[in-house]
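Q: Shown below is the structure under consideration.
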Amino acid sequence: MTKRRSRGDGGLHWDEKRQRWIATASLGYAPDGKRITKRASGKTKTEAKAKLKEILRDHEDGLSSTGNGGTVADAVRDWLAYGLNGRDPATVENRTILANAHVIPALGARKLRELSADDVDRWLAAKSKEVSTRTLRDLRSILKRAIDRAQARDKVKRNVVMLCEVPKGKDGRPSKSLTLDQAEALLRAAESTSLYAYIVLSLLIGARTEELRALTWSHVDLDGKPAADPPVPPSVMLWRSVRASGDTKTRKSRRTLAMPERCVEALRRHRERQAVAREKAGAGWQDQDLVFCTRYGTALDAGNVRRAFRTVAQKAGLAADEWVPREMRHSFVSLLSDSGVPLENISRLVGHRNTTVTETVYRKQLRPVLLEGAEAMDRIFPRASDGA
């Protein structure tokens with residue numbers, strides 16, 4: 001005689017029509033008072049019994065009693081839809097592209113509860129032959145965060161991605177910097193273009209491209225206070241960026257820098273050029289107080305700057321497709337270092353987070369102006385009239 005199962009152990013019965021064993025578990029009641037019942041089936045009684053035990057075990061562990069947790073693709077898409085609120089649009093776009101190109105095609109069909117650390121290790125190892133280490137970190141982060149969200153909603157017991165390390169990926173494109181001769185050639189090639197002041201500031205104060213695109217005239221002091229004691233030189237306040245929040249890359253990136261004379265001259269010329277463009281645009285001009293903008297006063301995007309920069313680079317005799325605007329910042333660091341400026345000072349000037357002494361800048365307060373970069377750049381890049 002078949003032994004009767006105890007209360008709470010669920011039930012097993014043979015379904016003649018389906019020719020399968022059916023496991024049934026009662027998991028309490030829903031808020032509307034209806035009984036929650038979950039079923040599973042197997043070709044053999046043993047298989048159905050194992051599934052029944054899994055249902056009961058998941059229920060005891062507090063996992064969701066509805067569905068089976070879904071697939072990895074479900075979890076990733078759910079995270080893309082709801083887990084990136086408030087993030088920079090560029091970040092959302094980047095994570096969406098990476099998820100759709102690398103995560104979902106490789107792991108998407110896998111049941112979330114069946115995903116193992118071995119699956120993730122094999123996936124990362126395969127991807128390490130295709131992408132850089134930085135991209136591998138982003139891919140692991142996407143999967144980890146997606147499963148974190150699913151785990152918080154009782155769709156999976158644990159996050160197996162936590163058990164997996166990021167392998168070394170393909171070597172990325174090495175960063176490079178302009179030599180002094182190349183930098184001078186770039187400045188000469190840019191002199192008659194609308195990007196001249198942008199290139200001068202990138203090379204001579206080391207500002208990030210996202211900082212320059214957000215720079216406003218209210219944050220530029222072209223005159224300084226020469227009569228003050230001590231004198232205050234012309235300066236630029238790098239307090240904003242084009243990120244969604246408007247903040248700089250890190251809090252420590254906010255800095256006020258003295259400007260070399262060549263920067264001041266370039267910005268004066270740029271302001272005159274912009275006044276002509278404003279008059280020409282007439283009612284179509286949108287005054288956003290931006291230093292670097294389109295012919296209608298609106299913000300430049302990264303593509304605008306990159307295309308214009310490569311045109312100048314080609315005119316300067318450089319391989320245009322091998323250079324990008326951010327490498328002017330690398331060049332700033334390299335040229336200062338070659339000139340003998342201590343690394344600690346360079347770190348402060350470029351606003352790196354690992355600086356030992358960081359200037360914290362607040363509006364409407366007396367602000368320190370970092371002089372080392374301007375003084376060194378005046379030696380490296382004398383005024384055009386001085387070099388004649």
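Ligands are numbered from 1 in the order shown, residues from 1 within each chain, and chains are lettered A, B, ... in the order they appear in the structure tokens.
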Stretch 320-337 of chain A: which residues within 9 Å, counting only C-alpha atoms, same-chain residues fewer than 3 positions away excluded, as a VMD selection string?
A: chain A and resid 175 to 180 183 199 202 to 209 305 to 306 309 to 315 317 340 to 343 346 to 347 350 373 376 to 377 380
Q: Hey, can you spit out that residue selection with C-alpha atoms as a PDB file, in the first residue's frame?
A:
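This is the output file out.pdb:
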ATOM      1  CA  SER A 175      46.975  56.146 -24.510  1.00  0.00           C
ATOM      2  CA  LYS A 176      49.444  58.475 -26.150  1.00  0.00           C
ATOM      3  CA  SER A 177      50.421  62.094 -26.046  1.00  0.00           C
ATOM      4  CA  LEU A 178      51.610  64.699 -28.491  1.00  0.00           C
ATOM      5  CA  THR A 179      55.231  65.725 -28.601  1.00  0.00           C
ATOM      6  CA  LEU A 180      56.005  69.425 -28.240  1.00  0.00           C
ATOM      7  CA  ALA A 183      51.400  70.136 -30.144  1.00  0.00           C
ATOM      8  CA  ILE A 199      42.356  73.085 -28.344  1.00  0.00           C
ATOM      9  CA  SER A 202      42.810  71.369 -23.657  1.00  0.00           C
ATOM     10  CA  LEU A 203      46.550  71.459 -24.236  1.00  0.00           C
ATOM     11  CA  LEU A 204      47.518  74.260 -21.874  1.00  0.00           C
ATOM     12  CA  ILE A 205      45.344  73.603 -18.795  1.00  0.00           C
ATOM     13  CA  GLY A 206      44.520  69.905 -19.244  1.00  0.00           C
ATOM     14  CA  ALA A 207      40.750  70.246 -18.933  1.00  0.00           C
ATOM     15  CA  ARG A 208      38.604  67.209 -19.688  1.00  0.00           C
ATOM     16  CA  THR A 209      36.572  67.435 -22.861  1.00  0.00           C
ATOM     17  CA  VAL A 305      34.175  68.057 -31.159  1.00  0.00           C
ATOM     18  CA  ARG A 306      35.680  64.796 -32.400  1.00  0.00           C
ATOM     19  CA  PHE A 309      39.372  67.982 -33.916  1.00  0.00           C
ATOM     20  CA  ARG A 310      40.254  65.318 -36.473  1.00  0.00           C
ATOM     21  CA  THR A 311      39.980  67.861 -39.272  1.00  0.00           C
ATOM     22  CA  VAL A 312      42.513  70.049 -37.452  1.00  0.00           C
ATOM     23  CA  ALA A 313      44.725  67.043 -36.672  1.00  0.00           C
ATOM     24  CA  GLN A 314      44.852  66.093 -40.341  1.00  0.00           C
ATOM     25  CA  LYS A 315      45.751  69.668 -41.263  1.00  0.00           C
ATOM     26  CA  GLY A 317      50.032  66.451 -40.424  1.00  0.00           C
ATOM     27  CA  GLY A 340      60.054  69.285 -14.602  1.00  0.00           C
ATOM     28  CA  VAL A 341      56.744  70.005 -12.835  1.00  0.00           C
ATOM     29  CA  PRO A 342      56.369  67.594  -9.854  1.00  0.00           C
ATOM     30  CA  LEU A 343      53.814  64.825 -10.243  1.00  0.00           C
ATOM     31  CA  ILE A 346      50.249  67.841 -12.049  1.00  0.00           C
ATOM     32  CA  SER A 347      47.782  65.631 -10.181  1.00  0.00           C
ATOM     33  CA  VAL A 350      44.190  67.788 -13.688  1.00  0.00           C
ATOM     34  CA  GLY A 373      50.338  74.963 -14.844  1.00  0.00           C
ATOM     35  CA  ALA A 376      54.980  76.262 -16.900  1.00  0.00           C
ATOM     36  CA  MET A 377      52.815  76.560 -20.007  1.00  0.00           C
ATOM     37  CA  ILE A 380      56.519  75.954 -23.007  1.00  0.00           C
TER      38      ILE A 380
END
Q: May I have the residues within 12 Å of A:Gln274 as number ranges by chain, using only C-alpha atoms and disregarding those fewer than 3 positions away in the same chain?
A: A: 194-195, 197, 217, 267-271, 277-281, 285, 287, 289-297
Q: Considering only C-alpha atoms, return as an MDAnalysis selection string whatever protein or nucleic-acid residues lie within 7 Å of stretch 130-134 of chain A, sequence-local ones (same chain, fewer than 6 positions apart) excluded.
A: chainID A and resid 168:172
Q: Please measure the separation of atom CA of A:Met237 and atom CA of A:Ala214, giving the value in Å to one decimal.
A: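 Distance between the two atoms: 11.0 Å.
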Q: Hey, what does DSSP flag as strand (DSSP E or B) within stretch 190-229 of chain A? Can you give it to me as a PyMOL selection string?
A: chain A and resi 216+220-221+225
Q: Residues within 8 Å of A:Arg95, please, as a VMD selection string. Count only C-alpha atoms; anything in the same chain fewer than 2 positions from it doesn't count.
A: chain A and resid 80 91 to 93 97 to 99 138 142
Q: For A:Cys263, which residue out of A:Arg77, A:Arg383, A:Arg153, A:Lys17 is the nearest one, using only C-alpha atoms?
A: A:Arg383
Q: Would you work out the distance separating atom CA of A:Leu201 from atom CA of A:Pro231, expressed in Å to one decimal?
A: 21.9 Å
Q: Which distance in Å separates atom CA of A:Leu136 and atom CA of A:Val120, to one decimal?
A: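 Computing it gives 11.7 Å between the two atoms.
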Q: Taking only C-alpha atoms into account, name the residue in A:Leu349, A:Val276, A:Ala81, A:Val103 that is nearest to A:Thr256.
A: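 Nearest candidate to A:Thr256 out of A:Leu349, A:Val276, A:Ala81, A:Val103: A:Leu349.
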Q: Between A:Glu47, A:Glu114, A:Glu375, A:Glu184, single out the one closest to A:Thr71, counting only C-alpha atoms.
A: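 Answer, going by the shortest atom-to-atom distance: A:Glu114.
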